[in-house]
Amino acid sequence: MPSALIQKMFRRSAPPEQVAETPAKSVLFETPLAPRKHFEWGTRLGFAVDQTGIQMAAARHTAGRVALVDARKVYFPASDYADRGTFITQTISEFTGRFTRRNLPVSLAVTGPETVFRTFHVPNLRAGAFDAAVQFEAKKQIPFPIKDCQFGYRSTYRLGTDSRFRVKVALHAAKSSFVQEQMAPFEQCGLDVGHVYHSHDALGHLLCYLPDFSEDKLYTLLSVERQHAELSYFRGSNLEFFHICSVGSSFLARRSDPTIFEYFAEALAGEIQNSLDYYTGQYSSQFSNRIYIHGDLSYSDELIRLLTDRFGFEFARFPGETLCLPGSDREPISACLPAVAAATCNVRLADLLPRDHVERHRARLMNRVALAAAVVILTTLLGIWLFDRHDLADQQTRLDALTVEMENFKASNLYDTYNMLKREIATSRTYLEKCKPTPGFFSALVRDLSQITPSPIRLSNLDYTGSIETMNVHLQGRVLSDAIPPEVLLAEYVETLNASPLLDSVVVQQYSKRPEKGSFALDFVLDMRYLQ
């Protein structure tokens, strides 16, 4: 009551516009994050070793497209359990011997009690901080020491509001000793395992090849092994939860009466119900009414019928024959589904490969990239060298042809005519050089005199001799003035000529004065030097 009163008072005190602009509650949304694809070429092998045999598959990858080449399961002999390791290596060698390519990429699917799957949320951080946050969560989520396990993760969903985001992370882990044990037969066969996937994570992406697949649809898979059964729940291709129960196919070996399947189905239905209750309570309120069974017991129609009758849901064998995967016989797919999922996987999943193997593959990849780069560079240089050599050969051929033509020209009468014309042209050029007139400065001298001669003075004769260095200008003129005596004007003109930077040594050689039309006229002759 007091809190309601305080809220009411706060609403009254707030301005109307502030109340109107209060943002509505943000709506959470979830966006799937698709994993990145592998763009491989060639055949990839997939293996899974379970409690009853060896699952093997081969798929051909062509830049994102996948075709199933082979799928089979070889069961362990009942009387030779002591030498199981030799049987596994022989079986793997026989299967890989069918392919001629060396260094075939191998993917291994692992599952069982030694594996773990967890999901948690991490804030939307940068790459380095994001990895650190995942490792911190992994130490809390994994039930065995982190130093004794191999783990990998990938982002599956992006969750958040309009302004803040979080990322849902799927964490897969397995004990290091278990992973090494699973990889040992392949190392003995000389095969280098490139990827170690959690079986259920790989099975989720095999679901994408179902004809009616949808990312919003829920899928449930059941696999019954010898000592346990595994249930996995998927939303689209993303694994949400998997459960291992203690009911296995060995339950059937302990009973000899005809009701063996009824007891087994009853016990298995109870485990499925417990797992389903936990899943719907913790992860999803919805559930698919169909459960796909894979493994050896998926071929038992009686077990499928009993489980359907007791559980109320539809149980069906995994429809491997309907997968959108071109390839060979589809009948054995349900018995070796994890191996098929590992072989056909063309996306980047959480990898449980040991760290030393990862570094080895990374170094090998760098060597291959360096080798490919070296081959490309050498090929480019070889192409440039061949092109330049071909161009040089063309130039040499052209030069040889021109040389032959030049020799033929020199041996002809035309060449003698050419030499004669060349000599005549040289003689004419020499003659023209000798007859070339000396450049004169008369126009420049006239221009300078016109600029410095005043209007009362009229020049009548100008004689310029460029070959004489001193007194090379002879100038005649008349001074006619009414107001100013002509002697004064002539004296000023002489001073002006001496002051010019182009004239020097101005001398009055002679002059004569006489009356003319009521005034006096003064005729003069000047000698001077023009500075060239």
# chains A, B, ... in the order shown; residues from 1 in each chain; ligands from 1

call {"tool": "select_by_dssp", "arguments": {"residues": "stretch 152-183 of chain A", "states": "strand (DSSP E or B)", "output": "MDAnalysis selection string"}}
result
chainID A and resid 152:160 165:175

call {"tool": "residues_around", "arguments": {"residues": "A:Phe315", "least_positions_apart": "5", "cutoff": "10 Å", "atoms": "only C-alpha atoms", "output": "list in words"}}
result
Thr220, Leu221, Leu222, Asn289, Arg290, Ile291, Tyr292, Ile293, Ser298, Asp301, Leu303, Ile304, Arg305, Leu306, Leu307, Thr308 and Asp309 of chain A

call {"tool": "write_last_selection", "arguments": {"atoms": "N, CA and C atoms", "output": "mmCIF file, in the first residue's frame"}}
result
data_model
loop_
_atom_site.group_PDB
_atom_site.id
_atom_site.type_symbol
_atom_site.label_atom_id
_atom_site.label_comp_id
_atom_site.auth_asym_id
_atom_site.auth_seq_id
_atom_site.Cartn_x
_atom_site.Cartn_y
_atom_site.Cartn_z
ATOM 1 N N THR A 220 13.435 -34.898 -31.403
ATOM 2 C CA THR A 220 13.937 -35.736 -30.309
ATOM 3 C C THR A 220 14.491 -37.016 -30.905
ATOM 4 N N LEU A 221 15.724 -37.386 -30.505
ATOM 5 C CA LEU A 221 16.379 -38.600 -30.976
ATOM 6 C C LEU A 221 16.674 -39.504 -29.792
ATOM 7 N N LEU A 222 16.497 -40.814 -30.013
ATOM 8 C CA LEU A 222 16.753 -41.817 -28.984
ATOM 9 C C LEU A 222 17.675 -42.868 -29.558
ATOM 10 N N ASN A 289 5.706 -34.508 -30.704
ATOM 11 C CA ASN A 289 5.036 -35.768 -30.379
ATOM 12 C C ASN A 289 5.614 -36.943 -31.153
ATOM 13 N N ARG A 290 6.788 -36.764 -31.728
ATOM 14 C CA ARG A 290 7.448 -37.843 -32.454
ATOM 15 C C ARG A 290 8.885 -37.955 -31.964
ATOM 16 N N ILE A 291 9.297 -39.200 -31.689
ATOM 17 C CA ILE A 291 10.660 -39.493 -31.243
ATOM 18 C C ILE A 291 11.287 -40.436 -32.261
ATOM 19 N N TYR A 292 12.442 -39.994 -32.816
ATOM 20 C CA TYR A 292 13.164 -40.819 -33.783
ATOM 21 C C TYR A 292 14.152 -41.716 -33.043
ATOM 22 N N ILE A 293 14.147 -42.989 -33.386
ATOM 23 C CA ILE A 293 15.062 -43.968 -32.784
ATOM 24 C C ILE A 293 16.130 -44.299 -33.817
ATOM 25 N N SER A 298 16.714 -49.632 -33.598
ATOM 26 C CA SER A 298 15.771 -48.899 -34.447
ATOM 27 C C SER A 298 15.147 -49.803 -35.504
ATOM 28 N N ASP A 301 10.757 -53.498 -35.000
ATOM 29 C CA ASP A 301 9.395 -52.953 -35.104
ATOM 30 C C ASP A 301 8.594 -53.239 -33.844
ATOM 31 N N LEU A 303 9.722 -53.306 -30.685
ATOM 32 C CA LEU A 303 10.069 -52.318 -29.657
ATOM 33 C C LEU A 303 9.434 -50.970 -29.971
ATOM 34 N N ILE A 304 9.449 -50.568 -31.208
ATOM 35 C CA ILE A 304 8.857 -49.283 -31.587
ATOM 36 C C ILE A 304 7.356 -49.297 -31.304
ATOM 37 N N ARG A 305 6.688 -50.418 -31.582
ATOM 38 C CA ARG A 305 5.245 -50.500 -31.317
ATOM 39 C C ARG A 305 4.949 -50.460 -29.826
ATOM 40 N N LEU A 306 5.753 -51.187 -29.019
ATOM 41 C CA LEU A 306 5.519 -51.192 -27.576
ATOM 42 C C LEU A 306 5.751 -49.811 -26.967
ATOM 43 N N LEU A 307 6.804 -49.107 -27.394
ATOM 44 C CA LEU A 307 7.060 -47.765 -26.864
ATOM 45 C C LEU A 307 5.944 -46.796 -27.252
ATOM 46 N N THR A 308 5.417 -46.925 -28.458
ATOM 47 C CA THR A 308 4.319 -46.054 -28.886
ATOM 48 C C THR A 308 3.075 -46.318 -28.058
ATOM 49 N N ASP A 309 2.792 -47.597 -27.773
ATOM 50 C CA ASP A 309 1.594 -47.931 -26.988
ATOM 51 C C ASP A 309 1.714 -47.452 -25.550
#

call {"tool": "residues_around", "arguments": {"residues": "A:Val247", "least_positions_apart": "5", "cutoff": "8 Å", "atoms": "only C-alpha atoms", "output": "VMD selection string"}}
result
chain A and resid 224 227 to 229 267 to 268 271

call {"tool": "closest_residue", "arguments": {"among": "A:Val179, A:Ala67, A:Ala109, A:Ala133", "to": "A:His357", "atoms": "only C-alpha atoms"}}
result
A:Val179

call {"tool": "closest_residue", "arguments": {"among": "A:His198, A:Arg84, A:Arg458, A:His61", "to": "A:Leu490", "atoms": "only C-alpha atoms"}}
result
A:Arg458

call {"tool": "residues_around", "arguments": {"residues": "stretch 492-506 of chain A", "least_positions_apart": "4", "cutoff": "7 Å", "atoms": "only C-alpha atoms", "output": "list in words"}}
result
Val488, Leu526, Asp527, Met528, Arg529, Tyr530 and Leu531 of chain A

call {"tool": "write_last_selection", "arguments": {"atoms": "C-alpha atoms", "output": "mmCIF file, in the first residue's frame"}}
result
data_model
loop_
_atom_site.group_PDB
_atom_site.id
_atom_site.type_symbol
_atom_site.label_atom_id
_atom_site.label_comp_id
_atom_site.auth_asym_id
_atom_site.auth_seq_id
_atom_site.Cartn_x
_atom_site.Cartn_y
_atom_site.Cartn_z
ATOM 1 C CA VAL A 488 70.119 74.933 -75.577
ATOM 2 C CA LEU A 526 76.471 63.972 -84.182
ATOM 3 C CA ASP A 527 78.839 61.027 -83.866
ATOM 4 C CA MET A 528 78.404 58.465 -81.073
ATOM 5 C CA ARG A 529 78.955 54.843 -80.103
ATOM 6 C CA TYR A 530 76.068 52.381 -79.852
ATOM 7 C CA LEU A 531 76.624 49.690 -77.221
#

call {"tool": "select_by_dssp", "arguments": {"residues": "stretch 270-474 of chain A", "states": "helix (DSSP H, G or I)", "output": "short mmCIF file (atom, residue, chain, number, x, y, z; two decimals) with N, CA and C atoms, in the first residue's frame"}}
result
data_model
loop_
_atom_site.label_atom_id
_atom_site.label_comp_id
_atom_site.auth_asym_id
_atom_site.auth_seq_id
_atom_site.Cartn_x
_atom_site.Cartn_y
_atom_site.Cartn_z
N GLY A 270 9.71 -45.14 -18.85
CA GLY A 270 9.82 -44.37 -17.61
C GLY A 270 11.00 -43.42 -17.64
N GLU A 271 12.14 -43.89 -18.16
CA GLU A 271 13.31 -43.01 -18.27
C GLU A 271 13.05 -41.85 -19.24
N ILE A 272 12.36 -42.16 -20.32
CA ILE A 272 12.04 -41.11 -21.29
C ILE A 272 11.12 -40.07 -20.67
N GLN A 273 10.15 -40.53 -19.88
CA GLN A 273 9.22 -39.60 -19.24
C GLN A 273 9.95 -38.68 -18.26
N ASN A 274 10.86 -39.25 -17.46
CA ASN A 274 11.63 -38.41 -16.53
C ASN A 274 12.47 -37.37 -17.28
N SER A 275 13.12 -37.82 -18.34
CA SER A 275 13.93 -36.89 -19.13
C SER A 275 13.07 -35.81 -19.77
N LEU A 276 11.91 -36.22 -20.27
CA LEU A 276 11.01 -35.26 -20.93
C LEU A 276 10.47 -34.24 -19.93
N ASP A 277 10.13 -34.68 -18.72
CA ASP A 277 9.64 -33.75 -17.70
C ASP A 277 10.70 -32.71 -17.36
N TYR A 278 11.94 -33.15 -17.23
CA TYR A 278 13.01 -32.20 -16.92
C TYR A 278 13.21 -31.23 -18.08
N TYR A 279 13.18 -31.75 -19.30
CA TYR A 279 13.40 -30.89 -20.47
C TYR A 279 12.30 -29.84 -20.61
N THR A 280 11.05 -30.25 -20.50
CA THR A 280 9.96 -29.29 -20.65
C THR A 280 9.92 -28.30 -19.50
N GLY A 281 10.40 -28.69 -18.32
CA GLY A 281 10.39 -27.77 -17.19
C GLY A 281 11.54 -26.78 -17.22
N GLN A 282 12.69 -27.20 -17.78
CA GLN A 282 13.88 -26.35 -17.74
C GLN A 282 14.14 -25.60 -19.05
N ASP A 296 21.00 -49.78 -33.19
CA ASP A 296 20.67 -51.16 -33.55
C ASP A 296 19.20 -51.47 -33.34
N LEU A 297 18.64 -50.99 -32.24
CA LEU A 297 17.24 -51.33 -31.93
C LEU A 297 16.25 -50.53 -32.76
N SER A 298 16.71 -49.63 -33.60
CA SER A 298 15.77 -48.90 -34.45
C SER A 298 15.15 -49.80 -35.50
N TYR A 299 15.74 -51.00 -35.73
CA TYR A 299 15.20 -51.93 -36.71
C TYR A 299 14.22 -52.92 -36.07
N ASP A 301 10.76 -53.50 -35.00
CA ASP A 301 9.40 -52.95 -35.10
C ASP A 301 8.59 -53.24 -33.84
N GLU A 302 8.89 -54.36 -33.17
CA GLU A 302 8.15 -54.69 -31.96
C GLU A 302 8.44 -53.69 -30.85
N LEU A 303 9.72 -53.31 -30.69
CA LEU A 303 10.07 -52.32 -29.66
C LEU A 303 9.43 -50.97 -29.97
N ILE A 304 9.45 -50.57 -31.21
CA ILE A 304 8.86 -49.28 -31.59
C ILE A 304 7.36 -49.30 -31.30
N ARG A 305 6.69 -50.42 -31.58
CA ARG A 305 5.24 -50.50 -31.32
C ARG A 305 4.95 -50.46 -29.83
N LEU A 306 5.75 -51.19 -29.02
CA LEU A 306 5.52 -51.19 -27.58
C LEU A 306 5.75 -49.81 -26.97
N LEU A 307 6.80 -49.11 -27.39
CA LEU A 307 7.06 -47.77 -26.86
C LEU A 307 5.94 -46.80 -27.25
N THR A 308 5.42 -46.93 -28.46
CA THR A 308 4.32 -46.05 -28.89
C THR A 308 3.07 -46.32 -28.06
N ASP A 309 2.79 -47.60 -27.77
CA ASP A 309 1.59 -47.93 -26.99
C ASP A 309 1.71 -47.45 -25.55
N ARG A 310 2.88 -47.57 -24.94
CA ARG A 310 3.01 -47.24 -23.53
C ARG A 310 3.24 -45.74 -23.30
N PHE A 311 3.87 -45.08 -24.21
CA PHE A 311 4.21 -43.68 -23.98
C PHE A 311 3.16 -42.72 -24.52
N GLY A 320 16.46 -42.34 -42.48
CA GLY A 320 17.70 -42.10 -43.20
C GLY A 320 17.55 -42.18 -44.69
N GLU A 321 16.58 -42.98 -45.16
CA GLU A 321 16.41 -43.12 -46.61
C GLU A 321 15.79 -41.87 -47.25
N THR A 322 15.23 -40.97 -46.43
CA THR A 322 14.61 -39.76 -46.98
C THR A 322 15.53 -38.54 -46.89
N GLU A 331 19.95 -47.78 -46.37
CA GLU A 331 19.38 -48.67 -45.35
C GLU A 331 20.21 -48.68 -44.06
N PRO A 332 21.56 -48.72 -44.12
CA PRO A 332 22.31 -48.80 -42.85
C PRO A 332 22.47 -47.46 -42.13
N ILE A 333 21.90 -46.37 -42.65
CA ILE A 333 22.17 -45.06 -42.05
C ILE A 333 21.71 -45.00 -40.61
N SER A 334 20.55 -45.55 -40.30
CA SER A 334 20.02 -45.46 -38.94
C SER A 334 20.92 -46.16 -37.93
N ALA A 335 21.65 -47.21 -38.35
CA ALA A 335 22.52 -47.94 -37.43
C ALA A 335 23.82 -47.20 -37.17
N CYS A 336 24.23 -46.32 -38.07
CA CYS A 336 25.51 -45.62 -37.91
C CYS A 336 25.31 -44.12 -38.10
N LEU A 337 24.28 -43.58 -37.47
CA LEU A 337 23.93 -42.18 -37.67
C LEU A 337 25.03 -41.21 -37.20
N PRO A 338 25.67 -41.39 -36.03
CA PRO A 338 26.74 -40.46 -35.63
C PRO A 338 27.90 -40.40 -36.61
N ALA A 339 28.29 -41.56 -37.19
CA ALA A 339 29.39 -41.55 -38.17
C ALA A 339 28.97 -40.81 -39.43
N VAL A 340 27.72 -41.01 -39.86
CA VAL A 340 27.23 -40.28 -41.04
C VAL A 340 27.22 -38.78 -40.76
N ALA A 341 26.80 -38.40 -39.54
CA ALA A 341 26.78 -36.98 -39.19
C ALA A 341 28.18 -36.39 -39.18
N ALA A 342 29.16 -37.16 -38.68
CA ALA A 342 30.54 -36.65 -38.65
C ALA A 342 31.12 -36.54 -40.06
N ALA A 343 30.78 -37.48 -40.95
CA ALA A 343 31.33 -37.45 -42.31
C ALA A 343 30.71 -36.36 -43.15
N THR A 344 29.42 -36.11 -42.97
CA THR A 344 28.72 -35.12 -43.80
C THR A 344 28.74 -33.72 -43.21
N ARG A 355 44.79 -30.09 -27.91
CA ARG A 355 45.46 -28.86 -28.31
C ARG A 355 46.69 -29.13 -29.17
N ASP A 356 47.46 -30.18 -28.85
CA ASP A 356 48.66 -30.44 -29.64
C ASP A 356 48.31 -30.84 -31.07
N HIS A 357 47.18 -31.56 -31.24
CA HIS A 357 46.74 -31.90 -32.58
C HIS A 357 46.26 -30.66 -33.33
N VAL A 358 45.62 -29.75 -32.61
CA VAL A 358 45.16 -28.51 -33.24
C VAL A 358 46.36 -27.71 -33.74
N GLU A 359 47.41 -27.60 -32.92
CA GLU A 359 48.59 -26.86 -33.34
C GLU A 359 49.28 -27.55 -34.51
N ARG A 360 49.28 -28.88 -34.50
CA ARG A 360 49.88 -29.61 -35.60
C ARG A 360 49.12 -29.38 -36.90
N HIS A 361 47.78 -29.41 -36.81
CA HIS A 361 46.97 -29.15 -38.01
C HIS A 361 47.15 -27.71 -38.48
N ARG A 362 47.26 -26.79 -37.53
CA ARG A 362 47.44 -25.39 -37.90
C ARG A 362 48.79 -25.19 -38.62
N ALA A 363 49.85 -25.83 -38.08
CA ALA A 363 51.15 -25.73 -38.74
C ALA A 363 51.13 -26.38 -40.11
N ARG A 364 50.43 -27.52 -40.21
CA ARG A 364 50.33 -28.18 -41.51
C ARG A 364 49.56 -27.33 -42.50
N LEU A 365 48.50 -26.69 -42.01
CA LEU A 365 47.72 -25.81 -42.88
C LEU A 365 48.56 -24.63 -43.34
N MET A 366 49.35 -24.06 -42.42
CA MET A 366 50.22 -22.95 -42.81
C MET A 366 51.25 -23.40 -43.84
N ASN A 367 51.77 -24.62 -43.66
CA ASN A 367 52.73 -25.13 -44.63
C ASN A 367 52.08 -25.33 -46.00
N ARG A 368 50.85 -25.81 -45.97
CA ARG A 368 50.15 -26.01 -47.24
C ARG A 368 49.86 -24.67 -47.91
N VAL A 369 49.44 -23.71 -47.09
CA VAL A 369 49.18 -22.38 -47.66
C VAL A 369 50.46 -21.78 -48.22
N ALA A 370 51.57 -21.93 -47.44
CA ALA A 370 52.85 -21.41 -47.93
C ALA A 370 53.29 -22.12 -49.20
N LEU A 371 53.08 -23.44 -49.23
CA LEU A 371 53.44 -24.19 -50.43
C LEU A 371 52.58 -23.75 -51.62
N ALA A 372 51.27 -23.59 -51.37
CA ALA A 372 50.40 -23.13 -52.45
C ALA A 372 50.80 -21.73 -52.93
N ALA A 373 51.14 -20.85 -51.97
CA ALA A 373 51.58 -19.51 -52.35
C ALA A 373 52.88 -19.56 -53.15
N ALA A 374 53.80 -20.43 -52.71
CA ALA A 374 55.06 -20.56 -53.45
C ALA A 374 54.82 -21.08 -54.87
N VAL A 375 53.91 -22.06 -54.98
CA VAL A 375 53.60 -22.60 -56.32
C VAL A 375 52.98 -21.51 -57.20
N VAL A 376 52.08 -20.72 -56.60
CA VAL A 376 51.44 -19.64 -57.37
C VAL A 376 52.49 -18.61 -57.81
N ILE A 377 53.39 -18.25 -56.87
CA ILE A 377 54.43 -17.26 -57.21
C ILE A 377 55.36 -17.80 -58.29
N LEU A 378 55.79 -19.07 -58.13
CA LEU A 378 56.68 -19.64 -59.13
C LEU A 378 55.98 -19.76 -60.48
N THR A 379 54.69 -20.14 -60.46
CA THR A 379 53.95 -20.23 -61.72
C THR A 379 53.83 -18.86 -62.37
N THR A 380 53.56 -17.84 -61.55
CA THR A 380 53.46 -16.48 -62.09
C THR A 380 54.79 -16.02 -62.67
N LEU A 381 55.87 -16.26 -61.92
CA LEU A 381 57.20 -15.87 -62.42
C LEU A 381 57.56 -16.63 -63.69
N LEU A 382 57.20 -17.93 -63.72
CA LEU A 382 57.48 -18.71 -64.93
C LEU A 382 56.69 -18.18 -66.11
N GLY A 383 55.42 -17.82 -65.87
CA GLY A 383 54.61 -17.24 -66.95
C GLY A 383 55.19 -15.92 -67.44
N ILE A 384 55.63 -15.07 -66.48
CA ILE A 384 56.23 -13.80 -66.88
C ILE A 384 57.52 -14.03 -67.66
N TRP A 385 58.33 -15.02 -67.20
CA TRP A 385 59.58 -15.31 -67.90
C TRP A 385 59.31 -15.83 -69.31
N LEU A 386 58.33 -16.72 -69.43
CA LEU A 386 58.01 -17.24 -70.76
C LEU A 386 57.47 -16.13 -71.67
N PHE A 387 56.64 -15.26 -71.09
CA PHE A 387 56.11 -14.16 -71.89
C PHE A 387 57.24 -13.23 -72.34
N ASP A 388 58.14 -12.87 -71.40
CA ASP A 388 59.26 -12.00 -71.76
C ASP A 388 60.19 -12.68 -72.76
N ARG A 389 60.38 -13.98 -72.58
CA ARG A 389 61.25 -14.70 -73.52
C ARG A 389 60.61 -14.71 -74.92
N HIS A 390 59.31 -14.93 -74.96
CA HIS A 390 58.63 -14.92 -76.25
C HIS A 390 58.69 -13.53 -76.88
N ASP A 391 58.50 -12.50 -76.05
CA ASP A 391 58.58 -11.14 -76.56
C ASP A 391 60.00 -10.81 -77.03
N LEU A 392 61.01 -11.27 -76.26
CA LEU A 392 62.40 -11.03 -76.66
C LEU A 392 62.72 -11.76 -77.96
N ALA A 393 62.17 -12.96 -78.10
CA ALA A 393 62.40 -13.70 -79.35
C ALA A 393 61.77 -12.96 -80.53
N ASP A 394 60.59 -12.40 -80.31
CA ASP A 394 59.95 -11.62 -81.37
C ASP A 394 60.78 -10.39 -81.73
N GLN A 395 61.28 -9.71 -80.71
CA GLN A 395 62.11 -8.54 -80.96
C GLN A 395 63.40 -8.92 -81.69
N GLN A 396 63.99 -10.06 -81.30
CA GLN A 396 65.22 -10.50 -81.96
C GLN A 396 64.94 -10.86 -83.42
N THR A 397 63.81 -11.53 -83.66
CA THR A 397 63.43 -11.88 -85.04
C THR A 397 63.23 -10.62 -85.87
N ARG A 398 62.57 -9.63 -85.27
CA ARG A 398 62.36 -8.37 -85.98
C ARG A 398 63.69 -7.65 -86.25
N LEU A 399 64.60 -7.70 -85.27
CA LEU A 399 65.92 -7.08 -85.46
C LEU A 399 66.70 -7.77 -86.57
N ASP A 400 66.64 -9.10 -86.57
CA ASP A 400 67.34 -9.83 -87.62
C ASP A 400 66.77 -9.49 -89.01
N ALA A 401 65.45 -9.37 -89.07
CA ALA A 401 64.84 -9.01 -90.35
C ALA A 401 65.26 -7.61 -90.79
N LEU A 402 65.30 -6.66 -89.83
CA LEU A 402 65.74 -5.30 -90.17
C LEU A 402 67.21 -5.28 -90.58
N THR A 403 68.05 -6.12 -89.93
CA THR A 403 69.46 -6.19 -90.30
C THR A 403 69.64 -6.69 -91.73
N VAL A 404 68.86 -7.71 -92.05
CA VAL A 404 68.93 -8.25 -93.42
C VAL A 404 68.48 -7.19 -94.43
N GLU A 405 67.39 -6.50 -94.09
CA GLU A 405 66.92 -5.45 -95.00
C GLU A 405 67.95 -4.33 -95.14
N MET A 406 68.64 -4.00 -94.02
CA MET A 406 69.66 -2.95 -94.08
C MET A 406 70.84 -3.37 -94.95
N GLU A 407 71.24 -4.63 -94.83
CA GLU A 407 72.35 -5.11 -95.66
C GLU A 407 71.96 -5.13 -97.13
N ASN A 408 70.73 -5.52 -97.40
CA ASN A 408 70.27 -5.49 -98.79
C ASN A 408 70.21 -4.06 -99.33
N PHE A 409 69.84 -3.12 -98.45
CA PHE A 409 69.78 -1.72 -98.87
C PHE A 409 71.17 -1.17 -99.16
N LYS A 410 72.15 -1.55 -98.33
CA LYS A 410 73.52 -1.08 -98.56
C LYS A 410 74.11 -1.64 -99.84
N ASN A 413 71.88 0.08 -105.51
CA ASN A 413 72.25 1.38 -106.06
C ASN A 413 71.57 2.53 -105.32
N LEU A 414 70.47 2.24 -104.73
CA LEU A 414 69.76 3.28 -104.00
C LEU A 414 70.58 3.81 -102.83
N TYR A 415 71.39 2.93 -102.23
CA TYR A 415 72.22 3.36 -101.11
C TYR A 415 73.28 4.35 -101.57
N ASP A 416 73.86 4.14 -102.78
CA ASP A 416 74.83 5.11 -103.32
C ASP A 416 74.17 6.45 -103.59
N THR A 417 72.96 6.41 -104.11
CA THR A 417 72.23 7.66 -104.33
C THR A 417 71.94 8.35 -103.01
N TYR A 418 71.61 7.58 -102.01
CA TYR A 418 71.35 8.14 -100.68
C TYR A 418 72.59 8.82 -100.13
N ASN A 419 73.76 8.21 -100.26
CA ASN A 419 75.00 8.83 -99.78
C ASN A 419 75.33 10.10 -100.54
N MET A 420 75.09 10.08 -101.87
CA MET A 420 75.36 11.27 -102.66
C MET A 420 74.45 12.41 -102.24
N LEU A 421 73.17 12.14 -102.05
CA LEU A 421 72.24 13.18 -101.60
C LEU A 421 72.61 13.69 -100.22
N LYS A 422 73.07 12.80 -99.37
CA LYS A 422 73.45 13.22 -98.02
C LYS A 422 74.64 14.16 -98.07
N ARG A 423 75.63 13.88 -98.97
CA ARG A 423 76.77 14.78 -99.09
C ARG A 423 76.36 16.14 -99.65
N GLU A 424 75.48 16.12 -100.64
CA GLU A 424 75.02 17.38 -101.20
C GLU A 424 74.25 18.21 -100.17
N ILE A 425 73.47 17.57 -99.37
CA ILE A 425 72.72 18.28 -98.32
C ILE A 425 73.68 18.87 -97.30
N ALA A 426 74.73 18.14 -96.95
CA ALA A 426 75.71 18.66 -96.00
C ALA A 426 76.45 19.86 -96.57
N THR A 427 76.80 19.80 -97.89
CA THR A 427 77.49 20.93 -98.53
C THR A 427 76.60 22.17 -98.57
N SER A 428 75.33 21.95 -98.92
CA SER A 428 74.39 23.08 -98.97
C SER A 428 74.19 23.67 -97.59
N ARG A 429 74.16 22.86 -96.60
CA ARG A 429 73.97 23.36 -95.24
C ARG A 429 75.17 24.19 -94.82
N THR A 430 76.37 23.74 -95.16
CA THR A 430 77.57 24.51 -94.82
C THR A 430 77.58 25.87 -95.53
N TYR A 431 77.18 25.86 -96.81
CA TYR A 431 77.13 27.12 -97.57
C TYR A 431 76.13 28.08 -96.95
N LEU A 432 74.98 27.59 -96.56
CA LEU A 432 73.97 28.45 -95.95
C LEU A 432 74.45 29.02 -94.62
N GLU A 433 75.20 28.22 -93.88
CA GLU A 433 75.74 28.72 -92.62
C GLU A 433 76.73 29.86 -92.85
N LYS A 434 77.57 29.70 -93.89
CA LYS A 434 78.54 30.73 -94.18
C LYS A 434 77.88 32.01 -94.70
N PHE A 442 69.90 47.73 -86.14
CA PHE A 442 69.41 49.02 -86.61
C PHE A 442 68.00 49.31 -86.09
N SER A 443 67.16 48.31 -86.12
CA SER A 443 65.77 48.52 -85.66
C SER A 443 65.74 48.86 -84.18
N ALA A 444 66.61 48.21 -83.40
CA ALA A 444 66.65 48.51 -81.96
C ALA A 444 67.16 49.92 -81.72
N LEU A 445 68.15 50.38 -82.56
CA LEU A 445 68.69 51.73 -82.41
C LEU A 445 67.64 52.78 -82.75
N VAL A 446 66.88 52.53 -83.81
CA VAL A 446 65.82 53.48 -84.20
C VAL A 446 64.76 53.55 -83.11
N ARG A 447 64.43 52.45 -82.55
CA ARG A 447 63.42 52.45 -81.49
C ARG A 447 63.89 53.25 -80.29
N ASP A 448 65.18 53.06 -79.91
CA ASP A 448 65.69 53.80 -78.74
C ASP A 448 65.75 55.31 -79.01
N LEU A 449 66.18 55.69 -80.25
CA LEU A 449 66.26 57.12 -80.55
C LEU A 449 64.89 57.77 -80.60
N SER A 450 63.88 57.02 -81.09
CA SER A 450 62.53 57.60 -81.15
C SER A 450 61.95 57.84 -79.76
N GLN A 451 62.43 57.09 -78.79
CA GLN A 451 61.91 57.25 -77.43
C GLN A 451 62.55 58.42 -76.69
N ILE A 452 63.81 58.76 -77.03
CA ILE A 452 64.50 59.80 -76.25
C ILE A 452 64.62 61.13 -77.01
#

call {"tool": "residues_around", "arguments": {"residues": "stretch 510-520 of chain A", "least_positions_apart": "6", "cutoff": "7 Å", "atoms": "only C-alpha atoms", "output": "ChimeraX atom specification"}}
result
/A:480-482

call {"tool": "atom_distance", "arguments": {"atom1": "atom CA of A:Pro113", "atom2": "atom CA of A:Glu225"}}
result
12.0 Å

call {"tool": "residues_around", "arguments": {"residues": "A:Cys149", "least_positions_apart": "4", "cutoff": "9 Å", "atoms": "only C-alpha atoms", "output": "JSON, numbers by chain"}}
result
{"A": [142, 144, 145, 173, 174, 175, 176, 177, 178, 179, 352, 354]}

call {"tool": "atom_distance", "arguments": {"atom1": "atom CA of A:Ala71", "atom2": "atom CA of A:Phe95"}}
result
10.3 Å

call {"tool": "closest_residue", "arguments": {"among": "A:Thr119, A:Asn103, A:Gln55, A:Ser412", "to": "A:Ile88", "atoms": "only C-alpha atoms"}}
result
A:Gln55

call {"tool": "atom_distance", "arguments": {"atom1": "atom CA of A:Leu206", "atom2": "atom CA of A:Leu104"}}
result
21.2 Å

call {"tool": "closest_residue", "arguments": {"among": "A:Val110, A:Ile468, A:Leu323, A:Val116", "to": "A:Leu210", "atoms": "only C-alpha atoms"}}
result
A:Leu323

call {"tool": "closest_residue", "arguments": {"among": "A:Gly194, A:Gly97, A:Pro123, A:Gly236", "to": "A:Ser214", "atoms": "only C-alpha atoms"}}
result
A:Gly236
